file upload_19.txt (compact mmCIF, N, CA and C atoms)
# COMPACT_ATOMS: atom_id res chain seq x y z
N MET A 19 8.24 23.65 -4.44
CA MET A 19 8.39 22.22 -4.25
C MET A 19 7.04 21.56 -4.39
N LYS A 20 6.98 20.48 -5.18
CA LYS A 20 5.74 19.75 -5.39
C LYS A 20 5.62 18.63 -4.38
N LEU A 21 4.45 18.50 -3.79
CA LEU A 21 4.18 17.38 -2.90
C LEU A 21 3.65 16.22 -3.73
N ARG A 22 4.14 15.06 -3.45
CA ARG A 22 3.69 13.88 -4.18
C ARG A 22 2.74 13.09 -3.28
N ILE A 23 1.54 12.85 -3.77
CA ILE A 23 0.57 12.07 -3.02
C ILE A 23 0.74 10.61 -3.42
N MET A 24 0.99 9.78 -2.42
CA MET A 24 1.18 8.36 -2.69
C MET A 24 -0.06 7.60 -2.28
N ALA A 25 -0.63 6.90 -3.22
CA ALA A 25 -1.79 6.06 -2.93
C ALA A 25 -1.32 4.74 -2.33
N ASN A 26 -2.19 4.13 -1.58
CA ASN A 26 -1.86 2.82 -1.03
C ASN A 26 -1.68 1.81 -2.15
N CYS A 27 -0.89 0.81 -1.88
CA CYS A 27 -0.61 -0.23 -2.86
C CYS A 27 -1.89 -0.97 -3.22
N TYR A 28 -1.93 -1.49 -4.42
CA TYR A 28 -3.08 -2.25 -4.91
C TYR A 28 -3.37 -3.46 -4.03
N CYS A 29 -2.35 -4.01 -3.39
CA CYS A 29 -2.50 -5.24 -2.60
C CYS A 29 -3.25 -5.04 -1.30
N GLY A 30 -3.52 -3.78 -0.93
CA GLY A 30 -4.27 -3.50 0.27
C GLY A 30 -3.43 -3.15 1.49
N SER A 31 -2.13 -3.08 1.31
CA SER A 31 -1.28 -2.67 2.43
C SER A 31 -1.46 -1.18 2.67
N ASN A 32 -0.92 -0.69 3.75
CA ASN A 32 -0.97 0.73 4.03
C ASN A 32 0.27 1.45 3.50
N LYS A 33 1.04 0.77 2.69
CA LYS A 33 2.24 1.36 2.08
C LYS A 33 1.90 1.87 0.68
N SER A 34 2.76 2.72 0.17
CA SER A 34 2.60 3.16 -1.21
C SER A 34 3.01 2.00 -2.14
N PHE A 35 2.53 2.03 -3.37
CA PHE A 35 2.90 1.02 -4.36
C PHE A 35 4.42 0.99 -4.52
N GLU A 36 5.06 2.17 -4.54
CA GLU A 36 6.51 2.26 -4.71
C GLU A 36 7.27 1.57 -3.58
N ASP A 37 6.73 1.64 -2.37
CA ASP A 37 7.39 1.05 -1.21
C ASP A 37 6.90 -0.36 -0.90
N CYS A 38 6.00 -0.86 -1.69
CA CYS A 38 5.42 -2.18 -1.42
C CYS A 38 5.67 -3.10 -2.62
N CYS A 39 4.66 -3.38 -3.38
CA CYS A 39 4.76 -4.39 -4.44
C CYS A 39 5.65 -4.02 -5.61
N GLN A 40 5.81 -2.74 -5.87
CA GLN A 40 6.64 -2.34 -7.01
C GLN A 40 8.09 -2.81 -6.86
N ILE A 41 8.61 -2.88 -5.63
CA ILE A 41 9.99 -3.33 -5.44
C ILE A 41 10.16 -4.79 -5.85
N TYR A 42 9.11 -5.58 -5.74
CA TYR A 42 9.16 -6.98 -6.18
C TYR A 42 8.92 -7.09 -7.68
N ILE A 43 7.93 -6.36 -8.16
CA ILE A 43 7.59 -6.40 -9.59
C ILE A 43 8.76 -5.92 -10.45
N ASN A 44 9.49 -4.92 -9.96
CA ASN A 44 10.64 -4.40 -10.71
C ASN A 44 11.91 -5.20 -10.48
N GLY A 45 11.85 -6.22 -9.60
CA GLY A 45 12.99 -7.09 -9.39
C GLY A 45 14.04 -6.57 -8.43
N TYR A 46 13.72 -5.53 -7.65
CA TYR A 46 14.69 -4.99 -6.69
C TYR A 46 14.89 -5.91 -5.50
N GLN A 47 13.84 -6.66 -5.15
CA GLN A 47 13.92 -7.62 -4.04
C GLN A 47 13.09 -8.85 -4.38
N ASN A 48 13.45 -9.97 -3.76
CA ASN A 48 12.63 -11.18 -3.87
C ASN A 48 11.53 -11.10 -2.81
N THR A 49 10.40 -11.67 -3.12
CA THR A 49 9.32 -11.71 -2.12
C THR A 49 9.72 -12.65 -1.00
N PRO A 50 9.51 -12.24 0.26
CA PRO A 50 9.95 -13.07 1.39
C PRO A 50 9.00 -14.21 1.76
N THR A 51 7.74 -14.12 1.33
CA THR A 51 6.76 -15.15 1.68
C THR A 51 5.83 -15.41 0.50
N ALA A 52 5.09 -16.52 0.61
CA ALA A 52 4.09 -16.83 -0.41
C ALA A 52 3.01 -15.75 -0.45
N GLU A 53 2.60 -15.27 0.72
CA GLU A 53 1.57 -14.22 0.75
C GLU A 53 2.06 -12.94 0.10
N THR A 54 3.31 -12.59 0.31
CA THR A 54 3.87 -11.40 -0.34
C THR A 54 3.87 -11.57 -1.85
N LEU A 55 4.21 -12.78 -2.31
CA LEU A 55 4.17 -13.03 -3.75
C LEU A 55 2.74 -12.90 -4.26
N MET A 56 1.78 -13.45 -3.52
CA MET A 56 0.37 -13.34 -3.93
C MET A 56 -0.04 -11.87 -4.05
N ARG A 57 0.32 -11.09 -3.05
CA ARG A 57 -0.02 -9.67 -3.06
C ARG A 57 0.63 -8.95 -4.24
N SER A 58 1.90 -9.25 -4.51
CA SER A 58 2.59 -8.58 -5.61
C SER A 58 2.03 -9.03 -6.96
N ARG A 59 1.59 -10.27 -7.05
CA ARG A 59 0.97 -10.75 -8.30
C ARG A 59 -0.37 -10.05 -8.53
N TYR A 60 -1.14 -9.84 -7.48
CA TYR A 60 -2.39 -9.08 -7.62
C TYR A 60 -2.07 -7.67 -8.14
N SER A 61 -1.08 -7.04 -7.54
CA SER A 61 -0.69 -5.70 -7.98
C SER A 61 -0.22 -5.72 -9.43
N ALA A 62 0.46 -6.78 -9.83
CA ALA A 62 0.90 -6.89 -11.22
C ALA A 62 -0.30 -6.99 -12.17
N TYR A 63 -1.35 -7.69 -11.76
CA TYR A 63 -2.57 -7.69 -12.56
C TYR A 63 -3.14 -6.28 -12.66
N ALA A 64 -3.14 -5.56 -11.55
CA ALA A 64 -3.71 -4.21 -11.52
C ALA A 64 -2.95 -3.25 -12.43
N VAL A 65 -1.64 -3.42 -12.57
CA VAL A 65 -0.86 -2.51 -13.41
C VAL A 65 -0.54 -3.11 -14.79
N GLY A 66 -1.01 -4.32 -15.05
CA GLY A 66 -0.82 -4.92 -16.37
C GLY A 66 0.59 -5.42 -16.64
N ASN A 67 1.27 -5.93 -15.62
CA ASN A 67 2.64 -6.42 -15.81
C ASN A 67 2.63 -7.94 -15.98
N ALA A 68 2.34 -8.38 -17.20
CA ALA A 68 2.26 -9.81 -17.51
C ALA A 68 3.62 -10.49 -17.42
N ASP A 69 4.70 -9.76 -17.69
CA ASP A 69 6.04 -10.36 -17.61
C ASP A 69 6.31 -10.87 -16.19
N TYR A 70 5.95 -10.07 -15.19
CA TYR A 70 6.15 -10.47 -13.80
C TYR A 70 5.28 -11.69 -13.47
N LEU A 71 4.06 -11.69 -13.94
CA LEU A 71 3.16 -12.81 -13.66
C LEU A 71 3.68 -14.11 -14.27
N VAL A 72 4.20 -14.04 -15.47
CA VAL A 72 4.78 -15.24 -16.10
C VAL A 72 6.05 -15.66 -15.35
N ALA A 73 6.91 -14.71 -15.04
CA ALA A 73 8.18 -15.01 -14.36
C ALA A 73 7.99 -15.61 -12.98
N THR A 74 6.90 -15.25 -12.30
CA THR A 74 6.67 -15.76 -10.94
C THR A 74 5.75 -16.98 -10.92
N THR A 75 5.42 -17.51 -12.09
CA THR A 75 4.70 -18.77 -12.19
C THR A 75 5.74 -19.88 -12.29
N HIS A 76 5.54 -20.93 -11.53
CA HIS A 76 6.51 -22.03 -11.50
C HIS A 76 6.70 -22.62 -12.89
N PRO A 77 7.93 -22.92 -13.28
CA PRO A 77 8.19 -23.47 -14.62
C PRO A 77 7.36 -24.72 -14.95
N SER A 78 7.00 -25.51 -13.94
CA SER A 78 6.23 -26.73 -14.21
C SER A 78 4.79 -26.45 -14.64
N THR A 79 4.28 -25.26 -14.35
CA THR A 79 2.90 -24.93 -14.74
C THR A 79 2.83 -23.71 -15.65
N ARG A 80 3.96 -23.14 -15.98
CA ARG A 80 4.00 -21.91 -16.78
C ARG A 80 3.35 -22.10 -18.15
N LYS A 81 3.45 -23.29 -18.71
CA LYS A 81 2.89 -23.53 -20.05
C LYS A 81 1.37 -23.37 -20.09
N PHE A 82 0.73 -23.41 -18.92
CA PHE A 82 -0.72 -23.26 -18.85
C PHE A 82 -1.16 -21.80 -18.73
N HIS A 83 -0.19 -20.89 -18.64
CA HIS A 83 -0.48 -19.47 -18.43
C HIS A 83 0.20 -18.65 -19.52
N LYS A 84 -0.52 -18.37 -20.57
CA LYS A 84 0.03 -17.62 -21.70
C LYS A 84 0.05 -16.12 -21.41
N LYS A 85 1.17 -15.50 -21.74
CA LYS A 85 1.36 -14.08 -21.46
C LYS A 85 0.26 -13.22 -22.09
N GLU A 86 -0.12 -13.51 -23.31
CA GLU A 86 -1.13 -12.71 -24.00
C GLU A 86 -2.48 -12.79 -23.28
N ALA A 87 -2.85 -13.98 -22.81
CA ALA A 87 -4.12 -14.16 -22.10
C ALA A 87 -4.08 -13.45 -20.74
N ILE A 88 -2.95 -13.53 -20.07
CA ILE A 88 -2.78 -12.85 -18.78
C ILE A 88 -2.95 -11.35 -18.97
N LEU A 89 -2.27 -10.81 -19.97
CA LEU A 89 -2.33 -9.38 -20.22
C LEU A 89 -3.74 -8.93 -20.58
N GLU A 90 -4.42 -9.70 -21.41
CA GLU A 90 -5.79 -9.35 -21.80
C GLU A 90 -6.72 -9.34 -20.58
N TRP A 91 -6.63 -10.37 -19.73
CA TRP A 91 -7.49 -10.43 -18.54
C TRP A 91 -7.15 -9.30 -17.58
N SER A 92 -5.86 -9.03 -17.45
CA SER A 92 -5.40 -7.96 -16.57
C SER A 92 -5.97 -6.61 -17.00
N LYS A 93 -5.89 -6.32 -18.27
CA LYS A 93 -6.28 -5.00 -18.77
C LYS A 93 -7.78 -4.85 -19.01
N SER A 94 -8.49 -5.96 -19.14
CA SER A 94 -9.93 -5.86 -19.39
C SER A 94 -10.75 -5.69 -18.11
N ASN A 95 -10.08 -5.73 -16.97
CA ASN A 95 -10.77 -5.60 -15.69
C ASN A 95 -10.23 -4.40 -14.91
N ASN A 96 -11.10 -3.84 -14.07
CA ASN A 96 -10.71 -2.78 -13.16
C ASN A 96 -10.58 -3.42 -11.78
N TRP A 97 -9.36 -3.54 -11.29
CA TRP A 97 -9.08 -4.25 -10.04
C TRP A 97 -9.39 -3.36 -8.85
N ILE A 98 -10.29 -3.83 -7.98
CA ILE A 98 -10.80 -3.02 -6.88
C ILE A 98 -10.05 -3.28 -5.58
N LYS A 99 -9.98 -4.55 -5.16
CA LYS A 99 -9.28 -4.82 -3.90
C LYS A 99 -8.96 -6.30 -3.78
N LEU A 100 -7.96 -6.56 -2.94
CA LEU A 100 -7.54 -7.92 -2.61
C LEU A 100 -7.86 -8.17 -1.15
N GLU A 101 -8.44 -9.33 -0.89
CA GLU A 101 -8.75 -9.74 0.48
C GLU A 101 -8.11 -11.10 0.73
N ILE A 102 -7.17 -11.15 1.66
CA ILE A 102 -6.54 -12.42 2.04
C ILE A 102 -7.43 -13.06 3.10
N LEU A 103 -7.91 -14.26 2.80
CA LEU A 103 -8.81 -14.96 3.73
C LEU A 103 -8.05 -15.88 4.68
N ASN A 104 -6.99 -16.49 4.17
CA ASN A 104 -6.18 -17.41 4.97
C ASN A 104 -4.83 -17.55 4.29
N SER A 105 -3.78 -17.65 5.11
CA SER A 105 -2.45 -17.78 4.56
C SER A 105 -1.61 -18.70 5.44
N THR A 106 -0.96 -19.68 4.79
CA THR A 106 0.00 -20.54 5.47
C THR A 106 1.34 -20.35 4.76
N GLU A 107 2.31 -21.15 5.09
CA GLU A 107 3.63 -20.98 4.47
C GLU A 107 3.57 -21.14 2.95
N THR A 108 2.77 -22.08 2.43
CA THR A 108 2.76 -22.36 1.00
C THR A 108 1.39 -22.23 0.33
N ARG A 109 0.37 -21.82 1.08
CA ARG A 109 -0.98 -21.69 0.52
C ARG A 109 -1.58 -20.35 0.91
N VAL A 110 -2.29 -19.74 -0.04
CA VAL A 110 -2.97 -18.47 0.23
C VAL A 110 -4.38 -18.55 -0.36
N LYS A 111 -5.36 -18.33 0.48
CA LYS A 111 -6.74 -18.25 0.03
C LYS A 111 -7.12 -16.78 0.00
N PHE A 112 -7.69 -16.35 -1.13
CA PHE A 112 -7.98 -14.93 -1.29
C PHE A 112 -9.21 -14.70 -2.14
N ASN A 113 -9.72 -13.48 -2.04
CA ASN A 113 -10.74 -12.97 -2.95
C ASN A 113 -10.14 -11.75 -3.65
N ALA A 114 -10.25 -11.73 -4.96
CA ALA A 114 -9.84 -10.57 -5.75
C ALA A 114 -11.11 -9.95 -6.33
N TYR A 115 -11.38 -8.71 -5.97
CA TYR A 115 -12.58 -8.01 -6.42
C TYR A 115 -12.23 -7.16 -7.63
N TYR A 116 -13.08 -7.21 -8.65
CA TYR A 116 -12.83 -6.44 -9.85
C TYR A 116 -14.14 -6.15 -10.58
N ILE A 117 -14.07 -5.19 -11.48
CA ILE A 117 -15.19 -4.88 -12.36
C ILE A 117 -14.77 -5.34 -13.75
N ASP A 118 -15.58 -6.20 -14.36
CA ASP A 118 -15.21 -6.76 -15.66
C ASP A 118 -15.52 -5.77 -16.79
N TYR A 119 -15.19 -6.17 -18.01
CA TYR A 119 -15.33 -5.29 -19.16
C TYR A 119 -16.78 -4.90 -19.45
N ARG A 120 -17.74 -5.61 -18.86
CA ARG A 120 -19.16 -5.27 -19.02
C ARG A 120 -19.68 -4.36 -17.91
N GLY A 121 -18.79 -4.02 -16.96
CA GLY A 121 -19.18 -3.17 -15.84
C GLY A 121 -19.78 -3.94 -14.68
N LYS A 122 -19.65 -5.25 -14.68
CA LYS A 122 -20.19 -6.10 -13.61
C LYS A 122 -19.12 -6.32 -12.54
N THR A 123 -19.52 -6.16 -11.28
CA THR A 123 -18.61 -6.43 -10.17
C THR A 123 -18.48 -7.94 -10.00
N LYS A 124 -17.25 -8.41 -9.91
CA LYS A 124 -16.97 -9.84 -9.81
C LYS A 124 -16.02 -10.10 -8.65
N ILE A 125 -16.03 -11.36 -8.18
CA ILE A 125 -15.09 -11.81 -7.16
C ILE A 125 -14.42 -13.08 -7.69
N HIS A 126 -13.10 -13.04 -7.75
CA HIS A 126 -12.32 -14.22 -8.10
C HIS A 126 -11.82 -14.81 -6.78
N GLU A 127 -12.35 -15.98 -6.41
CA GLU A 127 -11.93 -16.65 -5.18
C GLU A 127 -10.99 -17.79 -5.56
N GLU A 128 -9.85 -17.83 -4.88
CA GLU A 128 -8.84 -18.84 -5.21
C GLU A 128 -8.09 -19.26 -3.96
N HIS A 129 -7.72 -20.53 -3.94
CA HIS A 129 -6.84 -21.10 -2.92
C HIS A 129 -5.58 -21.52 -3.67
N SER A 130 -4.55 -20.70 -3.59
CA SER A 130 -3.34 -20.87 -4.40
C SER A 130 -2.24 -21.62 -3.65
N THR A 131 -1.45 -22.34 -4.42
CA THR A 131 -0.29 -23.06 -3.89
C THR A 131 0.98 -22.41 -4.43
N PHE A 132 1.96 -22.26 -3.54
CA PHE A 132 3.24 -21.64 -3.88
C PHE A 132 4.38 -22.55 -3.45
N VAL A 133 5.54 -22.37 -4.06
CA VAL A 133 6.72 -23.14 -3.69
C VAL A 133 7.92 -22.20 -3.66
N LEU A 134 8.84 -22.46 -2.72
CA LEU A 134 10.07 -21.69 -2.60
C LEU A 134 11.20 -22.52 -3.19
N GLU A 135 11.88 -21.96 -4.19
CA GLU A 135 13.02 -22.63 -4.82
C GLU A 135 14.16 -21.64 -5.00
N ASN A 136 15.32 -21.99 -4.49
CA ASN A 136 16.52 -21.16 -4.64
C ASN A 136 16.28 -19.70 -4.23
N GLY A 137 15.53 -19.51 -3.14
CA GLY A 137 15.29 -18.17 -2.62
C GLY A 137 14.19 -17.40 -3.32
N ASN A 138 13.50 -18.03 -4.27
CA ASN A 138 12.42 -17.37 -5.00
C ASN A 138 11.11 -18.11 -4.82
N TRP A 139 10.05 -17.36 -4.52
CA TRP A 139 8.71 -17.94 -4.43
C TRP A 139 8.09 -17.97 -5.81
N PHE A 140 7.35 -19.05 -6.09
CA PHE A 140 6.63 -19.20 -7.36
C PHE A 140 5.20 -19.62 -7.10
N TYR A 141 4.29 -19.10 -7.92
CA TYR A 141 2.90 -19.56 -7.95
C TYR A 141 2.89 -20.87 -8.71
N VAL A 142 2.28 -21.91 -8.12
CA VAL A 142 2.19 -23.21 -8.80
C VAL A 142 0.83 -23.36 -9.47
N ASP A 143 -0.23 -23.30 -8.67
CA ASP A 143 -1.58 -23.41 -9.22
C ASP A 143 -2.58 -22.97 -8.17
N GLY A 144 -3.85 -23.00 -8.58
CA GLY A 144 -4.89 -22.58 -7.66
C GLY A 144 -6.18 -23.34 -7.87
N GLU A 145 -6.95 -23.46 -6.80
CA GLU A 145 -8.29 -24.04 -6.86
C GLU A 145 -9.27 -22.88 -6.81
N TYR A 146 -10.20 -22.86 -7.76
CA TYR A 146 -11.15 -21.74 -7.88
C TYR A 146 -12.45 -22.10 -7.23
call {"tool": "encode", "arguments": {"input": "upload_19.txt", "output": "structure tokens"}}
result
Amino acid sequence: MKLRIMANCYCGSNKSFEDCCQIYINGYQNTPTAETLMRSRYSAYAVGNADYLVATTHPSTRKFHKKEAILEWSKSNNWIKLEILNSTETRVKFNAYYIDYRGKTKIHEEHSTFVLENGNWFYVDGEY
């Protein structure tokens, strides 16, 4: 019998990716909160799932987020960790740590806005 080692989820939880963000990214469950959506979106960047990132962007702002650009940014960086600085019902302030394609450590700081519609959370926009 083979033992399977499960790494913690990219979002920083103490759960495995399979038991955490993957259930949202694969569409098995809806995210219950804006913060959960933020965490699953970070994980989607880490695994290069641009379809999920586009689908969870609010239709009113989706035109500003091209799938090809999302995928390129996702894959050109090595995602290190997510740090939630503050979270309310509809806003999440976070730092996303990554190493860019030049090998430089970077921090993406954002204060994001989310909206709940018909049982689904969507990313609307963010202040950088």
call {"tool": "atom_distance", "arguments": {"input": "upload_19.txt", "atom1": "atom CA of Ser78 of chain A", "atom2": "atom CA of Thr51 of chain A"}}
result
19.7 Å
call {"tool": "closest_residue", "arguments": {"input": "upload_19.txt", "among": "A:Tyr63, A:Ala73, A:Asn44, A:Tyr115", "to": "Trp91 of chain A", "atoms": "only N, CA and C atoms"}}
result
A:Tyr63
call {"tool": "closest_residue", "arguments": {"input": "upload_19.txt", "among": "A:His126, A:Cys38, A:Tyr116, A:Cys29", "to": "Trp97 of chain A", "atoms": "all atoms listed in the file"}}
result
A:Tyr116
call {"tool": "residues_around", "arguments": {"input": "upload_19.txt", "residues": "Ile98 of chain A", "least_positions_apart": "6", "cutoff": "10 Å", "atoms": "only C-alpha atoms", "output": "number ranges by chain"}}
result
A: 28-30, 64, 114-117, 123-125
call {"tool": "atom_distance", "arguments": {"input": "upload_19.txt", "atom1": "atom CA of Ser61 of chain A", "atom2": "atom CA of Phe140 of chain A"}}
result
15.4 Å
call {"tool": "atom_distance", "arguments": {"input": "upload_19.txt", "atom1": "atom C of Gly144 of chain A", "atom2": "atom N of Thr131 of chain A"}}
result
5.9 Å
call {"tool": "select_by_dssp", "arguments": {"input": "upload_19.txt", "residues": "chain A", "states": "strand (DSSP E)", "output": "NGL selection string"}}
result
:A and (96-105 or 109-117 or 123-135 or 138-145)
call {"tool": "closest_residue", "arguments": {"input": "upload_19.txt", "among": "A:Asn26, A:Ser58, A:Asn96, A:Ser34", "to": "Tyr119 of chain A", "atoms": "only C-alpha atoms"}}
result
A:Asn96
call {"tool": "residues_near_point", "arguments": {"input": "upload_19.txt", "point": "(-0.9, -9.5, -8.4)", "cutoff": "12 Å", "atoms": "only C-alpha atoms", "output": "MDAnalysis selection string"}}
result
chainID A and resid 27:30 35 38:40 42:43 52:72 74:75 88:89 92 97:101 112:115 141
call {"tool": "closest_residue", "arguments": {"input": "upload_19.txt", "among": "A:Ala25, A:His76, A:Glu145, A:His83", "to": "Ser130 of chain A", "atoms": "all atoms listed in the file"}}
result
A:Glu145
call {"tool": "closest_residue", "arguments": {"input": "upload_19.txt", "among": "A:Lys111, A:Gly121, A:Asn48, A:Glu127", "to": "Trp139 of chain A", "atoms": "all atoms listed in the file"}}
result
A:Asn48
call {"tool": "closest_residue", "arguments": {"input": "upload_19.txt", "among": "A:Lys81, A:Ser31, A:Leu134, A:Ser94", "to": "Glu107 of chain A", "atoms": "only C-alpha atoms"}}
result
A:Leu134
call {"tool": "axis_aligned_box", "arguments": {"input": "upload_19.txt", "around": "segment 105-122 of chain A", "padding_each_side": "3 Å", "output": "lines of an AutoDock Vina configuration file"}}
result
center_x = -8.3
center_y = -12.8
center_z = -7.0
size_x = 29.8
size_y = 25.2
size_z = 30.9
call {"tool": "decode", "arguments": {"input": "upload_19.txt", "residues": "segment 115-132 of chain A", "atoms": "N, CA and C atoms", "output": "CSV table (one decimal), in the first residue's frame"}}
result
chain,number,residue,atom,x,y,z
A,115,TYR,N,2.7,36.6,-2.2
A,115,TYR,CA,4.2,36.5,-2.4
A,115,TYR,C,4.5,35.6,-3.5
A,116,TYR,N,5.4,36.0,-4.4
A,116,TYR,CA,5.8,35.2,-5.5
A,116,TYR,C,7.2,35.6,-6.0
A,117,ILE,N,7.8,34.7,-6.8
A,117,ILE,CA,9.1,34.9,-7.4
A,117,ILE,C,8.7,35.1,-8.9
A,118,ASP,N,9.2,36.2,-9.5
A,118,ASP,CA,8.8,36.5,-10.9
A,118,ASP,C,9.8,35.7,-11.8
A,119,TYR,N,9.5,35.9,-13.1
A,119,TYR,CA,10.3,35.2,-14.1
A,119,TYR,C,11.8,35.5,-14.1
A,120,ARG,N,12.2,36.6,-13.5
A,120,ARG,CA,13.6,37.0,-13.4
A,120,ARG,C,14.2,36.5,-12.1
A,121,GLY,N,13.4,35.8,-11.3
A,121,GLY,CA,14.0,35.3,-10.0
A,121,GLY,C,13.9,36.3,-8.9
A,122,LYS,N,13.2,37.4,-9.0
A,122,LYS,CA,13.0,38.4,-8.0
A,122,LYS,C,11.8,38.1,-7.2
A,123,THR,N,12.0,38.2,-5.8
A,123,THR,CA,10.8,38.0,-4.9
A,123,THR,C,10.0,39.3,-5.0
A,124,LYS,N,8.7,39.1,-5.1
A,124,LYS,CA,7.7,40.2,-5.2
A,124,LYS,C,6.6,40.0,-4.3
A,125,ILE,N,5.9,41.1,-3.9
A,125,ILE,CA,4.7,41.1,-3.1
A,125,ILE,C,3.6,41.8,-3.9
A,126,HIS,N,2.5,41.2,-4.2
A,126,HIS,CA,1.4,41.8,-4.8
A,126,HIS,C,0.4,42.1,-3.6
A,127,GLU,N,0.2,43.4,-3.3
A,127,GLU,CA,-0.7,43.8,-2.3
A,127,GLU,C,-2.0,44.3,-2.9
A,128,GLU,N,-3.1,43.8,-2.4
A,128,GLU,CA,-4.4,44.2,-3.0
A,128,GLU,C,-5.5,44.3,-2.0
A,129,HIS,N,-6.4,45.2,-2.2
A,129,HIS,CA,-7.6,45.3,-1.3
A,129,HIS,C,-8.8,45.0,-2.3
A,130,SER,N,-9.3,43.8,-2.3
A,130,SER,CA,-10.2,43.3,-3.3
A,130,SER,C,-11.7,43.5,-2.8
A,131,THR,N,-12.5,43.7,-3.8
A,131,THR,CA,-14.0,43.8,-3.6
A,131,THR,C,-14.7,42.6,-4.2
A,132,PHE,N,-15.6,42.0,-3.5
A,132,PHE,CA,-16.3,40.8,-3.9
A,132,PHE,C,-17.8,41.1,-3.8
